[in-house]
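Dropping data.txt in here (compact mmCIF, C-alpha atoms and all ligand atoms):
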```txt
# COMPACT_ATOMS: atom_id res chain seq x y z
CA MET O 9 25.06 -7.52 22.57
CA PRO O 10 22.17 -8.38 24.92
CA GLY O 11 22.71 -5.05 26.64
CA TRP O 12 22.49 -3.21 23.32
CA ILE O 13 19.24 -5.00 22.48
CA VAL O 14 17.73 -4.05 25.81
CA ARG O 15 18.82 -0.44 25.37
CA ALA O 16 17.49 -0.40 21.80
CA ALA O 17 14.14 -1.73 22.98
CA GLN O 18 14.03 0.91 25.70
CA ARG O 19 14.82 3.61 23.16
CA VAL O 20 12.02 2.41 20.88
CA ILE O 21 9.62 2.63 23.81
CA ASP O 22 10.86 6.03 24.94
CA ARG O 23 11.37 7.76 21.59
CA TYR O 24 9.14 5.89 19.17
CA ASP O 25 6.09 5.01 21.25
CA GLY O 26 6.99 1.34 21.25
CA ASP O 27 6.76 1.00 17.46
CA ALA O 28 10.13 0.60 15.70
CA SER O 29 8.60 1.33 12.29
CA THR O 30 8.04 4.93 13.32
CA ILE O 31 11.80 5.37 13.06
CA TRP O 32 11.35 5.48 9.28
CA SER O 33 7.60 5.83 8.64
CA ASP O 34 7.51 9.64 8.23
CA ASN O 35 9.32 9.65 4.89
CA PRO O 36 12.60 10.89 6.37
CA SER O 37 15.57 12.14 4.41
CA ALA O 38 18.44 9.67 4.08
CA ASP O 39 20.73 11.60 6.39
CA ALA O 40 18.03 12.10 9.04
CA LEU O 41 17.23 8.39 9.01
CA GLN O 42 20.89 7.47 9.25
CA LYS O 43 21.24 9.80 12.24
CA ARG O 44 18.24 8.24 13.97
CA LEU O 45 19.71 4.79 13.56
CA ASP O 46 23.20 5.93 14.52
CA ASP O 47 21.79 7.29 17.77
CA PHE O 48 21.11 3.74 18.99
CA VAL O 49 23.90 2.43 21.19
CA GLY O 50 25.74 -0.31 19.28
CA ILE O 51 24.84 1.08 15.86
CA ALA O 52 27.52 3.24 14.31
CA GLN O 53 28.06 4.75 10.86
CA LYS O 54 28.52 1.40 9.14
CA LYS O 55 25.31 -0.26 10.24
CA ALA O 56 23.26 2.93 10.05
CA ALA O 57 24.30 3.63 6.45
CA MET O 58 23.68 0.00 5.46
CA ALA O 59 20.27 0.03 7.13
CA VAL O 60 19.19 3.11 5.17
CA GLU O 61 20.05 1.29 1.94
CA ILE O 62 18.32 -1.93 2.98
CA LEU O 63 15.18 -0.13 4.10
CA GLU O 64 14.84 1.85 0.86
CA ARG O 65 16.24 -0.61 -1.68
CA ASP O 66 15.07 -3.95 -0.35
CA LEU O 67 12.07 -3.15 1.80
CA GLY O 68 10.55 -0.32 -0.21
CA VAL O 69 10.53 2.21 2.62
CA PRO O 70 10.13 5.73 1.18
CA VAL O 71 13.27 7.75 1.93
CA ARG O 72 13.82 11.26 0.61
CA ASN O 73 17.03 12.96 -0.46
CA LEU O 74 18.97 9.86 -1.38
CA GLU O 75 21.76 12.17 -2.50
CA ARG O 76 22.41 12.41 1.25
CA SER O 77 22.86 8.65 1.64
CA ASP O 78 26.32 7.23 2.26
CA ILE O 79 28.44 4.14 1.88
CA ALA O 80 29.20 2.19 5.02
CA TYR O 81 32.79 2.34 6.25
CA ASP O 82 33.09 -1.41 6.03
CA ILE O 83 36.16 -3.64 5.74
CA HIS O 84 35.28 -4.88 2.23
CA ILE O 85 34.51 -1.40 0.99
CA ARG O 86 37.73 -0.03 2.46
CA ARG O 87 39.75 -2.72 0.69
CA VAL O 88 38.16 -2.10 -2.71
CA PHE O 89 38.32 1.69 -2.44
CA LEU O 90 42.02 1.54 -1.58
CA ARG O 91 43.10 -1.05 -4.14
CA ALA O 92 41.06 0.57 -6.91
CA ARG O 93 42.36 3.98 -5.79
CA LEU O 94 38.88 5.35 -5.39
CA ALA O 95 40.03 6.91 -2.11
CA ASP O 96 43.39 8.46 -1.30
CA ARG O 97 43.65 6.94 2.13
CA ASP O 98 41.93 4.68 4.63
CA ASP O 99 39.84 7.24 6.42
CA ARG O 100 36.09 7.12 6.95
CA ASP O 101 35.39 10.69 5.94
CA VAL O 102 37.69 10.48 2.92
CA MET O 103 35.90 7.38 1.65
CA ILE O 104 32.45 8.82 2.26
CA ALA O 105 33.47 11.98 0.38
CA ALA O 106 34.88 9.88 -2.47
CA ALA O 107 31.59 8.00 -2.80
CA ARG O 108 29.69 11.29 -2.85
CA ARG O 109 31.88 12.49 -5.72
CA LEU O 110 31.61 9.22 -7.62
CA HIS O 111 27.83 8.95 -7.41
CA HIS O 112 26.38 12.20 -6.16
CA GLU O 113 22.77 11.25 -6.99
CA ARG O 114 22.93 8.43 -4.47
CA PRO O 115 26.29 7.67 -2.84
CA GLY O 116 24.78 4.86 -0.79
CA ALA O 117 24.03 2.95 -3.98
CA LEU O 118 27.75 2.16 -4.21
CA ASP O 119 27.60 0.29 -0.94
CA LEU O 120 26.21 -3.07 -2.00
CA PRO O 121 28.13 -3.53 -5.27
CA THR O 122 31.39 -2.53 -3.62
CA TRP O 123 30.72 -4.85 -0.71
CA LEU O 124 29.97 -7.72 -3.12
CA ILE O 125 33.21 -7.12 -5.02
CA GLY O 126 35.15 -7.03 -1.77
CA ARG O 127 33.51 -10.21 -0.57
CA GLY O 128 33.59 -12.09 -3.86
CA TRP O 129 36.81 -11.04 -5.60
CA CYS O 130 38.86 -8.51 -3.65
CA HIS O 131 39.84 -10.92 -0.90
CA PRO O 132 42.08 -9.83 1.99
CA GLY O 133 44.93 -12.05 0.83
CA VAL O 134 45.29 -12.60 -2.90
CA PRO O 135 42.46 -10.95 -4.82
CA ASP O 136 40.90 -12.64 -7.81
CA CYS O 137 41.58 -9.79 -10.21
CA ALA O 138 41.31 -11.92 -13.33
CA THR O 139 37.57 -12.42 -12.93
CA CYS O 140 36.73 -9.24 -10.98
CA PRO O 141 34.14 -6.98 -12.64
CA LEU O 142 36.41 -3.99 -11.99
CA SER O 143 39.47 -5.60 -13.53
CA HIS O 144 39.47 -3.47 -16.69
CA VAL O 145 39.45 -0.17 -14.75
CA CYS O 146 41.17 -1.02 -11.45
CA PRO O 147 44.89 -0.22 -11.03
CA LYS O 148 45.08 -3.23 -8.66
CA GLU O 149 47.15 -1.53 -6.00
CA VAL O 150 46.78 -4.52 -3.75
CA GLU O 151 49.39 -3.49 -1.17
CA ARG O 152 47.52 -0.28 -0.34
CA ALA O 153 45.02 -2.40 1.61
CA ALA O 154 47.52 -4.71 3.30
CA HIS O 155 46.54 -3.34 6.72
CA VAL O 156 42.81 -3.86 6.16
CA ILE O 157 42.28 -7.17 7.86
CA SER O 158 39.44 -8.66 9.88
CA THR O 159 39.66 -8.23 13.62
S1 LIG N 1 40.58 -5.77 -9.87
FE1 LIG N 1 41.57 -6.86 -8.17
S2 LIG N 1 42.33 -5.25 -6.78
FE2 LIG N 1 40.81 -4.30 -8.16
S3 LIG N 1 38.87 -4.40 -7.01
FE3 LIG N 1 38.99 -6.22 -8.35
S4 LIG N 1 39.88 -7.85 -7.07
FE4 LIG N 1 40.29 -5.87 -6.05
```
Could the structure of this file be written out as structure tokens, please?
Amino acid sequence: MPGWIVRAAQRVIDRYDGDASTIWSDNPSADALQKRLDDFVGIAQKKAAMAVEILERDLGVPVRNLERSDIAYDIHIRRVFLRARLADRDDRDVMIAAARRLHHERPGALDLPTWLIGRGWCHPGVPDCATCPLSHVCPKEVERAAHVIST
């Protein structure tokens, strides 16, 4: 982790003139911003996609083409997508494509609510389906996510 921070700081100096806000200050498209973040060592698809959402949604950073945003391939999201049969299999590209089909105006908007359901109701062991907001539409195929465990 300290090595990643040092390399990130060096990248900000080299590529962004020492000002991290220039990573997103030119009104980038969602996919371009995700790529810029993904290019940092230690940041992969999951963190880059989440960061795009946090920057636009929570911090008010202008981001264009939100139809090119994506969900993060995160453990909670994987569990919910599999159990609710939103995705056919546990594969990053399959889940990203499923989110794009489900909410083509802004696929990344599915990230936070899905994460909250995974964290709050769709637990790794026994999910709390009775009180889950998706209970009335979810097929509750709990065993499909049996392999999705924290490492
Ligand atoms: S209804 Fe149950 S299986 Fe479906 S998403 Fe909610 S907690 Fe998970």
Nearby polymer residues, ligand LIG 1 (chain N), at most 9 Å, all atoms listed in the file, as an mmCIF file with C-alpha atoms, in the frame of the given file:
```cif
data_model
loop_
_atom_site.group_PDB
_atom_site.id
_atom_site.type_symbol
_atom_site.label_atom_id
_atom_site.label_comp_id
_atom_site.auth_asym_id
_atom_site.auth_seq_id
_atom_site.Cartn_x
_atom_site.Cartn_y
_atom_site.Cartn_z
ATOM 1 C CA ARG O 87 39.750 -2.720 0.690
ATOM 2 C CA VAL O 88 38.160 -2.100 -2.710
ATOM 3 C CA PHE O 89 38.320 1.690 -2.440
ATOM 4 C CA LEU O 90 42.020 1.540 -1.580
ATOM 5 C CA ARG O 91 43.100 -1.050 -4.140
ATOM 6 C CA ALA O 92 41.060 0.570 -6.910
ATOM 7 C CA ARG O 93 42.360 3.980 -5.790
ATOM 8 C CA THR O 122 31.390 -2.530 -3.620
ATOM 9 C CA ILE O 125 33.210 -7.120 -5.020
ATOM 10 C CA GLY O 126 35.150 -7.030 -1.770
ATOM 11 C CA GLY O 128 33.590 -12.090 -3.860
ATOM 12 C CA TRP O 129 36.810 -11.040 -5.600
ATOM 13 C CA CYS O 130 38.860 -8.510 -3.650
ATOM 14 C CA HIS O 131 39.840 -10.920 -0.900
ATOM 15 C CA VAL O 134 45.290 -12.600 -2.900
ATOM 16 C CA PRO O 135 42.460 -10.950 -4.820
ATOM 17 C CA ASP O 136 40.900 -12.640 -7.810
ATOM 18 C CA CYS O 137 41.580 -9.790 -10.210
ATOM 19 C CA ALA O 138 41.310 -11.920 -13.330
ATOM 20 C CA THR O 139 37.570 -12.420 -12.930
ATOM 21 C CA CYS O 140 36.730 -9.240 -10.980
ATOM 22 C CA PRO O 141 34.140 -6.980 -12.640
ATOM 23 C CA LEU O 142 36.410 -3.990 -11.990
ATOM 24 C CA SER O 143 39.470 -5.600 -13.530
ATOM 25 C CA HIS O 144 39.470 -3.470 -16.690
ATOM 26 C CA VAL O 145 39.450 -0.170 -14.750
ATOM 27 C CA CYS O 146 41.170 -1.020 -11.450
ATOM 28 C CA PRO O 147 44.890 -0.220 -11.030
ATOM 29 C CA LYS O 148 45.080 -3.230 -8.660
ATOM 30 C CA GLU O 149 47.150 -1.530 -6.000
ATOM 31 C CA VAL O 150 46.780 -4.520 -3.750
#
```
Mind checking which residues fall within 10 Å of Asp82 (chain O), counting all atoms listed in the file, ignoring those fewer than 3 positions away in the same chain, and posting them as a PDB file with C-alpha atoms, keeping the file's coordinate frame?
```pdb
ATOM      1  CA  GLN O  53      28.060   4.750  10.860  1.00  0.00           C
ATOM      2  CA  LYS O  54      28.520   1.400   9.140  1.00  0.00           C
ATOM      3  CA  LYS O  55      25.310  -0.260  10.240  1.00  0.00           C
ATOM      4  CA  MET O  58      23.680   0.000   5.460  1.00  0.00           C
ATOM      5  CA  ILE O  79      28.440   4.140   1.880  1.00  0.00           C
ATOM      6  CA  ILE O  85      34.510  -1.400   0.990  1.00  0.00           C
ATOM      7  CA  ARG O  86      37.730  -0.030   2.460  1.00  0.00           C
ATOM      8  CA  ARG O  87      39.750  -2.720   0.690  1.00  0.00           C
ATOM      9  CA  ARG O 100      36.090   7.120   6.950  1.00  0.00           C
ATOM     10  CA  ASP O 119      27.600   0.290  -0.940  1.00  0.00           C
ATOM     11  CA  THR O 122      31.390  -2.530  -3.620  1.00  0.00           C
ATOM     12  CA  TRP O 123      30.720  -4.850  -0.710  1.00  0.00           C
ATOM     13  CA  GLY O 126      35.150  -7.030  -1.770  1.00  0.00           C
TER      14      GLY O 126
END
```
Checklist entry - If you measure from CA of Ala153 (chain O) to CA of Val102 (chain O), what distance in Å do you get, rounded to one decimal? => result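 Calculated distance between CA of Ala153 (chain O) and CA of Val102 (chain O) is 14.9 Å.
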Checklist entry - What does the distance from CA of Phe48 (chain O) to CA of Arg114 (chain O) come to in Å, to one decimal? => result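 Those two atoms sit 24.0 Å apart.
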Next on the checklist: What does the structure give for the distance between CA of Leu67 (chain O) and CA of Ala28 (chain O), in Å to one decimal?
Outcome noted: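 Calculated distance between CA of Leu67 (chain O) and CA of Ala28 (chain O) is 14.5 Å.
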Checklist entry - Which residue out of O:His84, O:Val156, O:Val20, O:Ala56 has the minimum interatomic distance to Asp98 (chain O) when all atoms listed in the file are used? => result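 Of O:His84, O:Val156, O:Val20, O:Ala56, the one nearest Asp98 (chain O), counting all atoms listed in the file, is O:Val156.
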Item to check | Selection: 6 Å around region 70-78 of chain O, only C-alpha atoms, excl. self and same-chain fewer than 6 positions, as a list in words | outcome: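 Once the nearby chain positions are removed, what remains is Asn35, Pro36, Ser37, Ala38, Asp39, Ala57, His112, Glu113, Arg114, Pro115 and Gly116 of chain O.
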Checklist entry - Which one of O:Ile62, O:Ile31, O:Leu41, O:Ile83 sits closest to Ile157 (chain O) if you count only C-alpha atoms? => result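 That would be O:Ile83, the residue with the smallest distance to Ile157 (chain O).
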